[in-house]
Amino acid sequence: MRVSSNHQGQVGPVKKLKIKPLKLKPRLPSDFVDKTWLKLKSAIEAVFSQTKVSYSFEDLYRSAEDLCLHKKAELVYQKLKQQCELQVVKVLEKLTPLTMEPASFLQEIEKEWQTYCNQLLTIRSIFLYLDRTFVLQQSQMKSIFDMGLLLFRQQIEKSPATERTLSSGLVQMITQERRGDHVDRKILKSLVKMLLLLGLYSKHFEEEFLQETQRFYHSEGVERMKALQVLDYLIHCENRLREEEEKCNEYLDSCTYNPLTKIVEECLLKKHLHEVLEKGFNLFMDQLKIVDLRRMY
């Protein structure tokens, strides 16, 4: 037994300090969830309206984390989703494709798309704890960024006029470029990438694009075959094939390359093969134009 001496020099046992558990567990203030969410909501609204956020990033991050730690993660996710949906509806409703020129519509939707993606990244950084814990553990739940993209896609699909103007406008831009007109490739590349990210590329763009490609090159093949000498026509075909390959490398999806190349070859070469051989083969053979024969082959 341990002993100690008192002030009179007497020795006695050491008293043990006992800490009793609290009878009542600490309780959160009744308005904790509501107040904390209102703070986060005001920050979300400020981000979307591009105004100053009243709180520091650290404060907002900690508030979102606190809600998650107190088992309010699902509530926060659903409320965040509602705020993102309200913003997407607001953004796309102010774009009126029926009263805008296609070029202006494409320019505006591209600007809104870039802004929205940047805003989503900012919001995700505030709710990063939510995204990396609760959301990551839910197999059926999309990450915050992917959830935001899905909302944008759903809103586009609710508006046939938006879908139609977006798809046909992009196809028209590519046709103008084929004709030698100047187009804004930055917008073209950005919006095609948007369709790929939203999962709308194959469904709403590629089919119309390939159909227009076939119409364009069918018409061009007939016209150029009549107007050009065989050698010049073959060089033109080479250039067109190279240009379409560049499109696939720069902004089209790689899956478009094979059907696109097939259409160009069919319209410019296969449909005019007899005429090309009839006008060019004997001439090239007689003059031993090996390079041109190789090109023809």
# chains A, B, ... in the order shown; residues from 1 in each chain; ligands from 1
$ residues_around --residues "A:Gly148" --least-positions-apart "2" --cutoff "8 Å" --atoms "only C-alpha atoms" --output "PDB file with N, CA, C and O atoms, in the first residue's frame"
ATOM      1  N   LYS A  81     -28.130  18.689 -53.237  1.00  0.00           N
ATOM      2  CA  LYS A  81     -28.665  18.319 -54.546  1.00  0.00           C
ATOM      3  C   LYS A  81     -29.796  19.256 -54.964  1.00  0.00           C
ATOM      4  O   LYS A  81     -29.876  19.674 -56.127  1.00  0.00           O
ATOM      5  N   CYS A  84     -28.333  22.560 -56.157  1.00  0.00           N
ATOM      6  CA  CYS A  84     -27.727  22.427 -57.482  1.00  0.00           C
ATOM      7  C   CYS A  84     -28.797  22.353 -58.566  1.00  0.00           C
ATOM      8  O   CYS A  84     -28.656  22.948 -59.642  1.00  0.00           O
ATOM      9  N   GLU A  85     -29.870  21.644 -58.274  1.00  0.00           N
ATOM     10  CA  GLU A  85     -30.956  21.521 -59.250  1.00  0.00           C
ATOM     11  C   GLU A  85     -31.615  22.872 -59.504  1.00  0.00           C
ATOM     12  O   GLU A  85     -31.920  23.220 -60.654  1.00  0.00           O
ATOM     13  N   LEU A 120     -19.257  24.009 -59.374  1.00  0.00           N
ATOM     14  CA  LEU A 120     -19.369  22.671 -58.776  1.00  0.00           C
ATOM     15  C   LEU A 120     -18.087  22.265 -58.062  1.00  0.00           C
ATOM     16  O   LEU A 120     -18.126  21.673 -56.979  1.00  0.00           O
ATOM     17  N   ILE A 144     -20.416  14.295 -55.691  1.00  0.00           N
ATOM     18  CA  ILE A 144     -21.030  15.617 -55.803  1.00  0.00           C
ATOM     19  C   ILE A 144     -20.886  16.174 -57.215  1.00  0.00           C
ATOM     20  O   ILE A 144     -21.845  16.707 -57.786  1.00  0.00           O
ATOM     21  N   PHE A 145     -19.713  16.029 -57.811  1.00  0.00           N
ATOM     22  CA  PHE A 145     -19.506  16.559 -59.161  1.00  0.00           C
ATOM     23  C   PHE A 145     -20.366  15.801 -60.174  1.00  0.00           C
ATOM     24  O   PHE A 145     -21.030  16.411 -61.022  1.00  0.00           O
ATOM     25  N   ASP A 146     -20.375  14.479 -60.091  1.00  0.00           N
ATOM     26  CA  ASP A 146     -21.180  13.682 -61.014  1.00  0.00           C
ATOM     27  C   ASP A 146     -22.674  13.926 -60.815  1.00  0.00           C
ATOM     28  O   ASP A 146     -23.448  13.898 -61.777  1.00  0.00           O
ATOM     29  N   LEU A 150     -25.244  15.158 -63.717  1.00  0.00           N
ATOM     30  CA  LEU A 150     -26.496  14.460 -64.009  1.00  0.00           C
ATOM     31  C   LEU A 150     -27.676  15.438 -64.008  1.00  0.00           C
ATOM     32  O   LEU A 150     -28.562  15.350 -64.873  1.00  0.00           O
ATOM     33  N   LEU A 151     -27.695  16.366 -63.092  1.00  0.00           N
ATOM     34  CA  LEU A 151     -28.771  17.354 -63.037  1.00  0.00           C
ATOM     35  C   LEU A 151     -28.775  18.225 -64.300  1.00  0.00           C
ATOM     36  O   LEU A 151     -29.842  18.561 -64.828  1.00  0.00           O
ATOM     37  N   PHE A 152     -27.597  18.571 -64.773  1.00  0.00           N
ATOM     38  CA  PHE A 152     -27.478  19.383 -65.996  1.00  0.00           C
ATOM     39  C   PHE A 152     -28.002  18.593 -67.191  1.00  0.00           C
ATOM     40  O   PHE A 152     -28.736  19.121 -68.033  1.00  0.00           O
TER      41      PHE A 152
END
$ select_by_dssp --residues "stretch 30-81 of chain A" --states "helix (DSSP H, G or I)" --output "VMD selection string"
chain A and resid 32 to 49 57 to 69 73 to 81
$ closest_residue --among "A:Asp34, A:Glu212, A:Glu220, A:Glu45" --to "A:Leu80" --atoms "only C-alpha atoms"
A:Glu45
$ residues_around --residues "A:Glu250" --least-positions-apart "2" --cutoff "12 Å" --atoms "only C-alpha atoms" --output "list in words"
Arg185, Lys186, Leu188, Lys189, Ser190, Val192, Lys193, Glu243, Glu244, Glu245, Glu246, Lys247, Cys248, Leu252, Asp253, Ser254 and Tyr257 of chain A
$ residues_around --residues "A:Gly180" --least-positions-apart "6" --cutoff "12 Å" --atoms "only C-alpha atoms" --output "list in words"
Met173, Ile174, Arg240 and Glu243 of chain A
$ write_last_selection --atoms "N, CA, C and O atoms" --output "tab-separated table (two decimals), in the first residue's frame"
chain	number	residue	atom	x	y	z
A	173	MET	N	-21.88	24.03	-87.30
A	173	MET	CA	-20.54	24.61	-87.17
A	173	MET	C	-19.50	23.77	-87.91
A	173	MET	O	-18.62	24.31	-88.59
A	174	ILE	N	-19.60	22.46	-87.78
A	174	ILE	CA	-18.63	21.58	-88.43
A	174	ILE	C	-18.79	21.65	-89.95
A	174	ILE	O	-17.81	21.65	-90.69
A	240	ARG	N	-9.23	15.66	-97.43
A	240	ARG	CA	-10.47	15.50	-96.66
A	240	ARG	C	-10.32	14.40	-95.60
A	240	ARG	O	-10.77	14.56	-94.45
A	243	GLU	N	-8.28	15.81	-92.80
A	243	GLU	CA	-9.04	16.79	-92.01
A	243	GLU	C	-10.00	16.10	-91.04
A	243	GLU	O	-10.14	16.51	-89.88
$ atom_distance --atom1 "atom CA of A:Ala73" --atom2 "atom CA of A:Phe127"
10.1 Å
$ atom_distance --atom1 "atom CA of A:Pro97" --atom2 "atom CA of A:Val47"
26.0 Å
$ atom_distance --atom1 "atom CA of A:Cys267" --atom2 "atom CA of A:Gln214"
7.1 Å
$ closest_residue --among "A:Ser143, A:Thr96, A:Gln176, A:Gln114" --to "A:Pro160" --atoms "only C-alpha atoms"
A:Thr96
$ residues_around --residues "A:Met194" --least-positions-apart "5" --cutoff "9 Å" --atoms "only C-alpha atoms" --output "number ranges by chain"
A: 110, 113, 189, 199-201
